[in-house]
>>> print(open('run_35.cif').read())   # mmCIF, C-alpha atoms
data_query
loop_
_atom_site.group_PDB
_atom_site.id
_atom_site.type_symbol
_atom_site.label_atom_id
_atom_site.label_comp_id
_atom_site.auth_asym_id
_atom_site.auth_seq_id
_atom_site.Cartn_x
_atom_site.Cartn_y
_atom_site.Cartn_z
ATOM 1 C CA MET A 69 -0.476 -10.180 19.124
ATOM 2 C CA ARG A 70 -1.978 -11.288 15.886
ATOM 3 C CA HIS A 71 -5.243 -10.274 14.300
ATOM 4 C CA VAL A 72 -7.049 -13.082 12.488
ATOM 5 C CA LEU A 73 -9.935 -12.101 10.207
ATOM 6 C CA ILE A 74 -12.321 -14.762 8.953
ATOM 7 C CA CYS A 75 -14.748 -14.092 6.127
ATOM 8 C CA THR A 76 -18.335 -14.822 7.209
ATOM 9 C CA THR A 77 -20.196 -13.062 4.421
ATOM 10 C CA LEU A 78 -23.667 -14.233 3.559
ATOM 11 C CA TYR A 79 -24.775 -13.754 0.008
ATOM 12 C CA ARG A 80 -27.918 -11.870 0.922
ATOM 13 C CA ASP A 81 -25.997 -9.419 3.134
ATOM 14 C CA HIS A 82 -23.387 -8.769 0.517
ATOM 15 C CA TRP A 83 -26.034 -8.489 -2.159
ATOM 16 C CA ALA A 84 -28.071 -6.023 -0.125
ATOM 17 C CA LYS A 85 -25.053 -3.834 0.520
ATOM 18 C CA THR A 86 -23.688 -3.708 -3.001
ATOM 19 C CA VAL A 87 -25.715 -4.530 -6.083
ATOM 20 C CA GLY A 88 -29.007 -4.838 -4.219
ATOM 21 C CA LYS A 89 -29.573 -1.118 -4.089
ATOM 22 C CA LYS A 90 -28.863 -0.657 -7.763
ATOM 23 C CA MET A 91 -31.136 -3.531 -8.728
ATOM 24 C CA ALA A 92 -33.894 -2.195 -6.488
ATOM 25 C CA GLU A 93 -33.674 1.082 -8.357
ATOM 26 C CA ALA A 94 -33.808 -0.793 -11.639
ATOM 27 C CA ALA A 95 -36.864 -2.673 -10.424
ATOM 28 C CA GLN A 96 -38.666 0.577 -9.824
ATOM 29 C CA ARG A 97 -38.121 1.677 -13.379
ATOM 30 C CA SER A 98 -40.224 -0.974 -15.107
ATOM 31 C CA ASP A 99 -42.478 -3.912 -14.219
ATOM 32 C CA GLU A 100 -40.573 -6.145 -16.602
ATOM 33 C CA ASP A 101 -37.322 -5.593 -14.712
ATOM 34 C CA LYS A 102 -39.086 -6.178 -11.423
ATOM 35 C CA ALA A 103 -40.580 -9.508 -12.509
ATOM 36 C CA ARG A 104 -37.258 -10.674 -13.893
ATOM 37 C CA LEU A 105 -35.411 -9.799 -10.661
ATOM 38 C CA GLU A 106 -37.982 -11.451 -8.427
ATOM 39 C CA SER A 107 -37.924 -14.684 -10.396
ATOM 40 C CA ALA A 108 -34.123 -14.920 -10.447
ATOM 41 C CA LYS A 109 -32.308 -17.229 -8.059
ATOM 42 C CA PRO A 110 -29.719 -15.681 -5.768
ATOM 43 C CA GLU A 111 -26.830 -17.190 -7.652
ATOM 44 C CA GLU A 112 -28.107 -15.716 -10.895
ATOM 45 C CA HIS A 113 -27.603 -12.158 -9.686
ATOM 46 C CA ALA A 114 -24.309 -11.336 -11.298
ATOM 47 C CA ASP A 115 -22.211 -9.238 -8.970
ATOM 48 C CA GLY A 116 -18.832 -10.166 -10.356
ATOM 49 C CA HIS A 117 -18.315 -12.794 -7.688
ATOM 50 C CA ILE A 118 -18.069 -16.438 -8.692
ATOM 51 C CA GLY A 119 -19.031 -19.277 -6.384
ATOM 52 C CA ALA A 120 -20.770 -19.439 -3.034
ATOM 53 C CA HIS A 121 -19.955 -16.794 -0.469
ATOM 54 C CA CYS A 122 -17.956 -17.874 2.562
ATOM 55 C CA GLY A 123 -20.816 -17.559 5.032
ATOM 56 C CA GLU A 124 -22.864 -20.025 3.019
ATOM 57 C CA THR A 125 -20.146 -22.671 2.889
ATOM 58 C CA ILE A 126 -18.178 -22.863 6.127
ATOM 59 C CA GLY A 127 -17.321 -19.257 7.026
ATOM 60 C CA GLY A 128 -19.665 -19.007 10.005
ATOM 61 C CA ASN A 129 -18.532 -22.388 11.332
ATOM 62 C CA LEU A 130 -14.909 -21.385 10.922
ATOM 63 C CA TYR A 131 -15.345 -18.247 12.991
ATOM 64 C CA GLU A 132 -16.986 -20.069 15.885
ATOM 65 C CA ALA A 133 -14.614 -23.026 15.619
ATOM 66 C CA PHE A 134 -11.557 -20.803 15.568
ATOM 67 C CA ARG A 135 -12.598 -19.017 18.750
ATOM 68 C CA LEU A 136 -13.377 -22.354 20.383
ATOM 69 C CA LYS A 137 -10.038 -23.877 19.409
ATOM 70 C CA LEU A 138 -8.142 -20.866 20.747
ATOM 71 C CA LYS A 139 -10.067 -21.142 23.986
ATOM 72 C CA GLU A 140 -9.302 -24.863 24.268
ATOM 73 C CA ARG A 141 -5.601 -24.192 23.842
ATOM 74 C CA GLY A 142 -5.616 -21.249 26.213
ATOM 75 C CA ILE A 143 -4.311 -18.796 23.593
ATOM 76 C CA ASN A 144 -5.213 -15.255 24.618
ATOM 77 C CA ASP A 145 -2.975 -13.136 22.428
ATOM 78 C CA VAL A 146 -4.923 -13.580 19.171
ATOM 79 C CA LEU A 147 -7.780 -11.282 18.221
ATOM 80 C CA VAL A 148 -10.403 -12.844 15.945
ATOM 81 C CA SER A 149 -12.860 -10.786 13.898
ATOM 82 C CA PRO A 150 -15.413 -11.649 11.270
ATOM 83 C CA ASN A 151 -15.049 -9.624 8.114
ATOM 84 C CA ALA A 152 -17.020 -8.997 4.955
ATOM 85 C CA CYS A 153 -16.422 -10.214 1.434
ATOM 86 C CA ILE A 154 -12.983 -9.725 -0.107
ATOM 87 C CA ALA A 155 -14.005 -11.463 -3.333
ATOM 88 C CA GLN A 156 -11.688 -14.460 -2.983
ATOM 89 C CA HIS A 157 -14.284 -17.099 -2.163
ATOM 90 C CA ILE A 158 -13.753 -18.977 -5.427
ATOM 91 C CA ALA A 159 -10.561 -20.277 -3.778
ATOM 92 C CA GLY A 160 -12.174 -21.122 -0.451
ATOM 93 C CA CYS A 161 -13.030 -19.352 2.759
ATOM 94 C CA MET A 162 -10.466 -16.718 3.603
ATOM 95 C CA VAL A 163 -8.668 -16.702 6.933
ATOM 96 C CA MET A 164 -6.351 -13.687 7.018
ATOM 97 C CA VAL A 165 -3.534 -13.415 9.524
ATOM 98 C CA TYR A 166 -2.076 -9.990 10.204
ATOM 99 C CA PRO A 167 0.478 -8.414 10.588
ATOM 100 C CA GLU A 168 2.111 -11.108 8.426
ATOM 101 C CA GLY A 169 -0.353 -10.451 5.632
ATOM 102 C CA ILE A 170 -1.003 -14.110 4.863
ATOM 103 C CA TRP A 171 -4.365 -15.166 3.451
ATOM 104 C CA TYR A 172 -5.288 -18.824 3.895
ATOM 105 C CA ALA A 173 -7.866 -20.560 1.754
ATOM 106 C CA VAL A 174 -9.614 -22.980 4.101
ATOM 107 C CA HIS A 175 -11.987 -25.760 3.021
ATOM 108 C CA ALA A 176 -12.497 -27.665 6.275
ATOM 109 C CA VAL A 177 -12.646 -26.883 9.964
ATOM 110 C CA GLU A 178 -9.816 -29.362 10.620
ATOM 111 C CA GLU A 179 -7.402 -27.183 8.668
ATOM 112 C CA LEU A 180 -7.722 -24.539 11.373
ATOM 113 C CA ASP A 181 -5.759 -26.820 13.722
ATOM 114 C CA ARG A 182 -2.768 -26.614 11.419
ATOM 115 C CA ILE A 183 -3.006 -22.828 11.169
ATOM 116 C CA ILE A 184 -3.193 -22.471 14.935
ATOM 117 C CA ASP A 185 -0.530 -25.050 15.831
ATOM 118 C CA GLU A 186 1.968 -24.262 13.107
ATOM 119 C CA HIS A 187 1.493 -20.566 12.405
ATOM 120 C CA LEU A 188 0.102 -18.960 15.539
ATOM 121 C CA VAL A 189 2.030 -21.086 18.044
ATOM 122 C CA LYS A 190 5.282 -21.950 16.256
ATOM 123 C CA GLY A 191 5.348 -18.981 13.884
ATOM 124 C CA GLU A 192 5.767 -21.086 10.742
ATOM 125 C CA PRO A 193 3.180 -20.285 8.044
ATOM 126 C CA VAL A 194 1.361 -23.316 6.576
ATOM 127 C CA ASP A 195 2.617 -23.162 3.023
ATOM 128 C CA ASP A 196 0.148 -25.508 1.351
ATOM 129 C CA LEU A 197 -2.892 -23.623 2.640
ATOM 130 C CA ILE A 198 -1.700 -20.159 1.627
ATOM 131 C CA HIS A 199 -3.878 -18.512 -0.974
ATOM 132 C CA ARG A 200 -1.950 -15.265 -1.116
ATOM 133 C CA ARG A 201 0.995 -13.854 0.709
ATOM 134 C CA LEU A 202 0.947 -10.087 0.508
ATOM 135 C CA LYS A 203 4.286 -8.673 -0.494
ATOM 136 C CA ASP A 204 5.774 -5.237 -0.071
ATOM 137 C CA LEU A 205 4.132 -4.733 3.292
ATOM 138 C CA GLN A 206 7.221 -3.143 4.785
ATOM 139 C CA GLY A 207 8.519 0.398 4.957
ATOM 140 C CA PRO A 208 6.671 3.561 5.847
ATOM 141 C CA GLY A 209 3.921 4.898 3.640
ATOM 142 C CA ILE A 210 3.217 4.234 -0.007
ATOM 143 C CA ASP A 211 6.090 4.322 -2.476
ATOM 144 C CA CYS A 212 5.651 6.667 -5.411
ATOM 145 C CA PRO A 213 1.871 6.995 -5.588
ATOM 146 C CA LEU A 214 0.490 8.321 -8.821
ATOM 147 C CA PRO A 215 -0.375 12.043 -8.842
ATOM 148 C CA VAL A 216 -3.866 13.294 -8.128
ATOM 149 C CA ALA A 217 -5.976 13.020 -11.234
ATOM 150 C CA PRO A 218 -6.632 16.529 -12.566
ATOM 151 C CA GLY A 219 -10.297 17.412 -12.649
ATOM 152 C CA ASN A 220 -11.295 14.100 -11.165
ATOM 153 C CA MET A 221 -14.140 14.421 -8.677
ATOM 154 C CA MET B 18 -11.362 -0.199 -10.738
ATOM 155 C CA SER B 19 -12.793 -2.457 -13.343
ATOM 156 C CA ALA B 20 -14.332 -5.780 -12.445
ATOM 157 C CA GLY B 21 -12.221 -8.862 -12.874
ATOM 158 C CA PRO B 22 -9.400 -10.665 -11.148
ATOM 159 C CA GLN B 23 -7.813 -8.437 -8.569
ATOM 160 C CA VAL B 24 -4.050 -8.424 -8.346
ATOM 161 C CA PHE B 25 -2.571 -7.294 -5.084
ATOM 162 C CA SER B 26 1.036 -6.926 -6.208
ATOM 163 C CA LYS B 27 1.118 -3.248 -5.199
ATOM 164 C CA LEU B 28 -0.888 -3.624 -2.016
ATOM 165 C CA ARG B 29 0.652 -1.782 0.930
ATOM 166 C CA TYR B 30 -2.179 -1.325 3.416
ATOM 167 C CA HIS B 31 -5.282 -3.333 4.200
ATOM 168 C CA VAL B 32 -7.726 -1.047 5.992
ATOM 169 C CA PHE B 33 -10.576 -2.642 7.947
ATOM 170 C CA VAL B 34 -13.590 -0.541 8.900
ATOM 171 C CA CYS B 35 -16.007 -1.816 11.532
ATOM 172 C CA VAL B 36 -19.622 -1.754 10.435
ATOM 173 C CA ASP B 37 -21.115 -3.670 13.351
ATOM 174 C CA ALA B 38 -24.736 -2.592 13.649
ATOM 175 C CA GLY B 39 -25.225 -3.940 17.175
ATOM 176 C CA SER B 40 -24.942 -1.979 20.393
ATOM 177 C CA PHE B 41 -21.640 -3.683 21.193
ATOM 178 C CA CYS B 42 -19.347 -1.023 19.777
ATOM 179 C CA GLY B 43 -21.714 1.385 18.058
ATOM 180 C CA CYS B 44 -19.502 1.759 15.031
ATOM 181 C CA GLU B 45 -22.229 1.943 12.428
ATOM 182 C CA ALA B 46 -24.286 4.403 14.464
ATOM 183 C CA ASN B 47 -21.255 6.676 14.686
ATOM 184 C CA GLY B 48 -20.910 6.957 10.939
ATOM 185 C CA SER B 49 -18.567 4.210 9.799
ATOM 186 C CA GLY B 50 -20.528 3.932 6.544
ATOM 187 C CA ASP B 51 -19.931 7.607 5.754
ATOM 188 C CA PHE B 52 -16.266 7.212 6.600
ATOM 189 C CA LEU B 53 -15.918 4.201 4.314
ATOM 190 C CA VAL B 54 -17.578 5.964 1.383
ATOM 191 C CA ALA B 55 -15.432 9.077 1.892
ATOM 192 C CA LEU B 56 -12.288 6.961 2.227
ATOM 193 C CA ARG B 57 -12.946 5.069 -0.979
ATOM 194 C CA GLN B 58 -13.711 8.304 -2.831
ATOM 195 C CA GLN B 59 -10.476 9.820 -1.554
ATOM 196 C CA LEU B 60 -8.494 6.737 -2.608
ATOM 197 C CA ILE B 61 -10.003 6.842 -6.087
ATOM 198 C CA LYS B 62 -9.313 10.563 -6.345
ATOM 199 C CA ARG B 63 -5.676 10.097 -5.406
ATOM 200 C CA ARG B 64 -5.351 6.914 -7.495
ATOM 201 C CA LEU B 65 -4.318 4.881 -4.464
ATOM 202 C CA MET B 66 -6.689 1.962 -5.017
ATOM 203 C CA PRO B 67 -3.893 -0.468 -6.025
ATOM 204 C CA TYR B 68 -2.055 0.358 -2.816
ATOM 205 C CA VAL B 69 -4.889 0.225 -0.292
ATOM 206 C CA LYS B 70 -7.634 -2.361 0.103
ATOM 207 C CA THR B 71 -10.657 -1.487 2.229
ATOM 208 C CA THR B 72 -12.748 -4.207 3.852
ATOM 209 C CA LEU B 73 -15.685 -4.262 6.245
ATOM 210 C CA MET B 74 -15.373 -6.119 9.524
ATOM 211 C CA ASN B 75 -16.730 -6.412 13.056
ATOM 212 C CA CYS B 76 -14.241 -5.021 15.509
ATOM 213 C CA ASN B 77 -15.258 -6.861 18.726
ATOM 214 C CA GLN B 78 -13.901 -3.948 20.773
ATOM 215 C CA PRO B 79 -16.130 -2.966 23.677
ATOM 216 C CA GLY B 80 -15.703 0.580 24.886
ATOM 217 C CA ALA B 81 -14.590 1.996 21.549
ATOM 218 C CA HIS B 82 -15.983 5.370 20.548
ATOM 219 C CA GLY B 83 -17.167 5.693 17.025
ATOM 220 C CA PRO B 84 -16.085 3.861 13.905
ATOM 221 C CA VAL B 85 -13.125 1.612 14.591
ATOM 222 C CA ILE B 86 -10.551 1.508 11.809
ATOM 223 C CA VAL B 87 -7.565 -0.850 11.695
ATOM 224 C CA VAL B 88 -4.675 -0.287 9.329
ATOM 225 C CA HIS B 89 -2.868 -3.542 8.718
ATOM 226 C CA PRO B 90 -0.088 -4.648 8.719
ATOM 227 C CA ASP B 91 1.076 -1.699 10.847
ATOM 228 C CA GLY B 92 -1.640 -2.491 13.375
ATOM 229 C CA ALA B 93 -2.725 1.126 13.850
ATOM 230 C CA TRP B 94 -6.129 1.270 15.534
ATOM 231 C CA TYR B 95 -8.271 4.371 15.257
ATOM 232 C CA ASP B 96 -11.623 5.353 16.624
ATOM 233 C CA GLY B 97 -13.630 8.539 16.469
ATOM 234 C CA LEU B 98 -12.636 9.359 12.894
ATOM 235 C CA THR B 99 -15.320 11.087 10.845
ATOM 236 C CA ALA B 100 -15.703 11.670 7.128
ATOM 237 C CA GLU B 101 -14.026 15.096 7.545
ATOM 238 C CA ASP B 102 -10.832 13.428 8.782
ATOM 239 C CA VAL B 103 -10.443 11.245 5.703
ATOM 240 C CA GLU B 104 -8.055 13.575 3.911
ATOM 241 C CA ALA B 105 -5.712 13.846 6.886
ATOM 242 C CA PHE B 106 -6.002 10.086 7.418
ATOM 243 C CA VAL B 107 -5.004 9.304 3.840
ATOM 244 C CA GLU B 108 -2.168 11.824 3.733
ATOM 245 C CA THR B 109 -0.690 11.055 7.132
ATOM 246 C CA GLN B 110 -1.343 7.378 7.821
ATOM 247 C CA LEU B 111 -1.456 5.929 4.336
ATOM 248 C CA MET B 112 0.799 8.109 2.160
ATOM 249 C CA ALA B 113 3.383 9.159 4.753
ATOM 250 C CA GLY B 114 3.101 6.092 6.957
ATOM 251 C CA GLN B 115 2.927 8.105 10.181
ATOM 252 C CA PRO B 116 0.204 7.522 12.777
ATOM 253 C CA LEU B 117 -2.476 10.187 12.842
ATOM 254 C CA THR B 118 -2.199 11.468 16.399
ATOM 255 C CA GLY B 119 -5.320 12.520 18.215
ATOM 256 C CA HIS B 120 -7.506 9.736 16.876
ATOM 257 C CA LEU B 121 -5.522 6.677 17.913
ATOM 258 C CA MET B 122 -7.635 4.271 19.907
ATOM 259 C CA GLN B 123 -6.975 4.072 23.619
ATOM 260 C CA SER B 124 -6.293 0.572 24.982
ATOM 261 C CA ALA B 125 -6.133 -0.809 21.467
ATOM 262 C CA PRO B 126 -4.917 -4.373 20.819
ATOM 263 C CA GLN B 127 -1.206 -4.464 19.949
ATOM 264 C CA THR B 128 -1.334 -6.130 16.553
ATOM 265 C CA GLY B 129 1.501 -4.408 14.692
ATOM 266 C CA HIS B 130 4.888 -5.543 13.421
ATOM 267 C CA SER B 131 6.620 -4.194 16.495
ATOM 268 C CA ALA B 132 4.362 -6.059 18.898
ATOM 269 C CA TYR B 133 6.429 -9.241 18.911
#
>>> encode(input="run_35.cif", output="structure tokens")
Amino acid sequence: MRHVLICTTLYRDHWAKTVGKKMAEAAQRSDEDKARLESAKPEEHADGHIGAHCGETIGGNLYEAFRLKLKERGINDVLVSPNACIAQHIAGCMVMVYPEGIWYAVHAVEELDRIIDEHLVKGEPVDDLIHRRLKDLQGPGIDCPLPVAPGNM
Amino acid sequence: MSAGPQVFSKLRYHVFVCVDAGSFCGCEANGSGDFLVALRQQLIKRRLMPYVKTTLMNCNQPGAHGPVIVVHPDGAWYDGLTAEDVEAFVETQLMAGQPLTGHLMQSAPQTGHSAY
């Protein structure tokens, strides 16, 4: 059984969970900060992420479409979950297939057909849609982790 | 970790933590946020951030008790872990690669390497 995770992050959700709290604190410090934050457009809030979040492009459609396509084909052994931002949306909406550890960058709903038919059914990853193929995902545990930082936290 | 392009060349585990706020699984109400914060602090403390990526998700698992955690690609599903269990979780599941017995999810989906 495979676990497919599709990014459905909306900017406002991600913003509220990460930088939103910090900026709200900053807004309380001075009226000037508050006015500047309120007048800024969402995309002007720099959070280190470039481009539109997946939920604002096609992420939400992908999640629903993926479940629908699996249902049409009668595939029951694939678990689909929506997940939050993994900061790869500059490349496209992320569709992650585990346990293979393959991240697909998807730009259209039609590309899901190829992922389902070629990867999930036949077991052959779709090479030209792969954004990142995680390596070194074999073997027990973590090899040679660095020692605990002395005096850290 | 500093901001900027993330390289996953050392990545070994991708840990997903359910933060669904609905009444479907009750993960957020059972303290998945606390677990996530404690887990990330523990990973920073042990300098394991290049090896483990933590991501939020919705688990879609009815009948689960507490925060649902999936460790991919091994496909180890946990529920009922609290912030106090983070140290044992990191040492046993992540560093040693052995499942942390006692907190494994009952009737979990078989999504690991050995499943097919």
>>> interface_residues(input="run_35.cif", of="chain B", to="chain A", cutoff="7 Å", atoms="only C-alpha atoms", output="number ranges by chain")
B: 20, 26, 29, 62-65, 72-77, 89-92, 111-114, 127-130, 132-133
>>> resolve_selection(input="run_35.cif", expression="the PyMOL selection byres ((chain B and resi 58) around 12)", output="JSON, numbers by chain")
{"A": [220, 221], "B": [18, 51, 52, 53, 54, 55, 56, 57, 59, 60, 61, 62, 63, 64, 65, 66, 71, 100, 103, 104, 107]}
>>> atom_distance(input="run_35.cif", atom1="atom CA of A:Leu180", atom2="atom CA of A:Val163")
9.1 Å
>>> resolve_selection(input="run_35.cif", expression="the PyMOL selection byres ((chain B and resi 115-123) around 10)", output="VMD selection string")
(chain A and resid 208 to 209) or (chain B and resid 80 to 82 85 to 88 91 93 to 99 102 105 to 114 124 to 126)
>>> write_last_selection(input="run_35.cif", atoms="C-alpha atoms", output="compact mmCIF listing (two decimals), keeping the file's coordinate frame")
# COMPACT_ATOMS: atom_id res chain seq x y z
CA PRO A 208 6.67 3.56 5.85
CA GLY A 209 3.92 4.90 3.64
CA GLY B 80 -15.70 0.58 24.89
CA ALA B 81 -14.59 2.00 21.55
CA HIS B 82 -15.98 5.37 20.55
CA VAL B 85 -13.12 1.61 14.59
CA ILE B 86 -10.55 1.51 11.81
CA VAL B 87 -7.56 -0.85 11.70
CA VAL B 88 -4.68 -0.29 9.33
CA ASP B 91 1.08 -1.70 10.85
CA ALA B 93 -2.72 1.13 13.85
CA TRP B 94 -6.13 1.27 15.53
CA TYR B 95 -8.27 4.37 15.26
CA ASP B 96 -11.62 5.35 16.62
CA GLY B 97 -13.63 8.54 16.47
CA LEU B 98 -12.64 9.36 12.89
CA THR B 99 -15.32 11.09 10.84
CA ASP B 102 -10.83 13.43 8.78
CA ALA B 105 -5.71 13.85 6.89
CA PHE B 106 -6.00 10.09 7.42
CA VAL B 107 -5.00 9.30 3.84
CA GLU B 108 -2.17 11.82 3.73
CA THR B 109 -0.69 11.06 7.13
CA GLN B 110 -1.34 7.38 7.82
CA LEU B 111 -1.46 5.93 4.34
CA MET B 112 0.80 8.11 2.16
CA ALA B 113 3.38 9.16 4.75
CA GLY B 114 3.10 6.09 6.96
CA SER B 124 -6.29 0.57 24.98
CA ALA B 125 -6.13 -0.81 21.47
CA PRO B 126 -4.92 -4.37 20.82
>>> residues_around(input="run_35.cif", residues="A:Pro193", least_positions_apart="6", cutoff="8 Å", atoms="only C-alpha atoms", output="list in words")
Ile183, Glu186 and His187 of chain A
>>> atom_distance(input="run_35.cif", atom1="atom CA of B:Val32", atom2="atom CA of A:Tyr172")
18.1 Å
>>> resolve_selection(input="run_35.cif", expression="the PyMOL selection byres ((chain B and resi 36) around 9)", output="list in words")
Val34, Cys35, Asp37, Ala38, Gly43, Cys44, Glu45, Ala46, Gly48, Ser49, Gly50, Leu73, Met74, Asn75, Cys76, Pro84 and Val85 of chain B
>>> atom_distance(input="run_35.cif", atom1="atom CA of A:Leu130", atom2="atom CA of A:Glu178")
9.5 Å
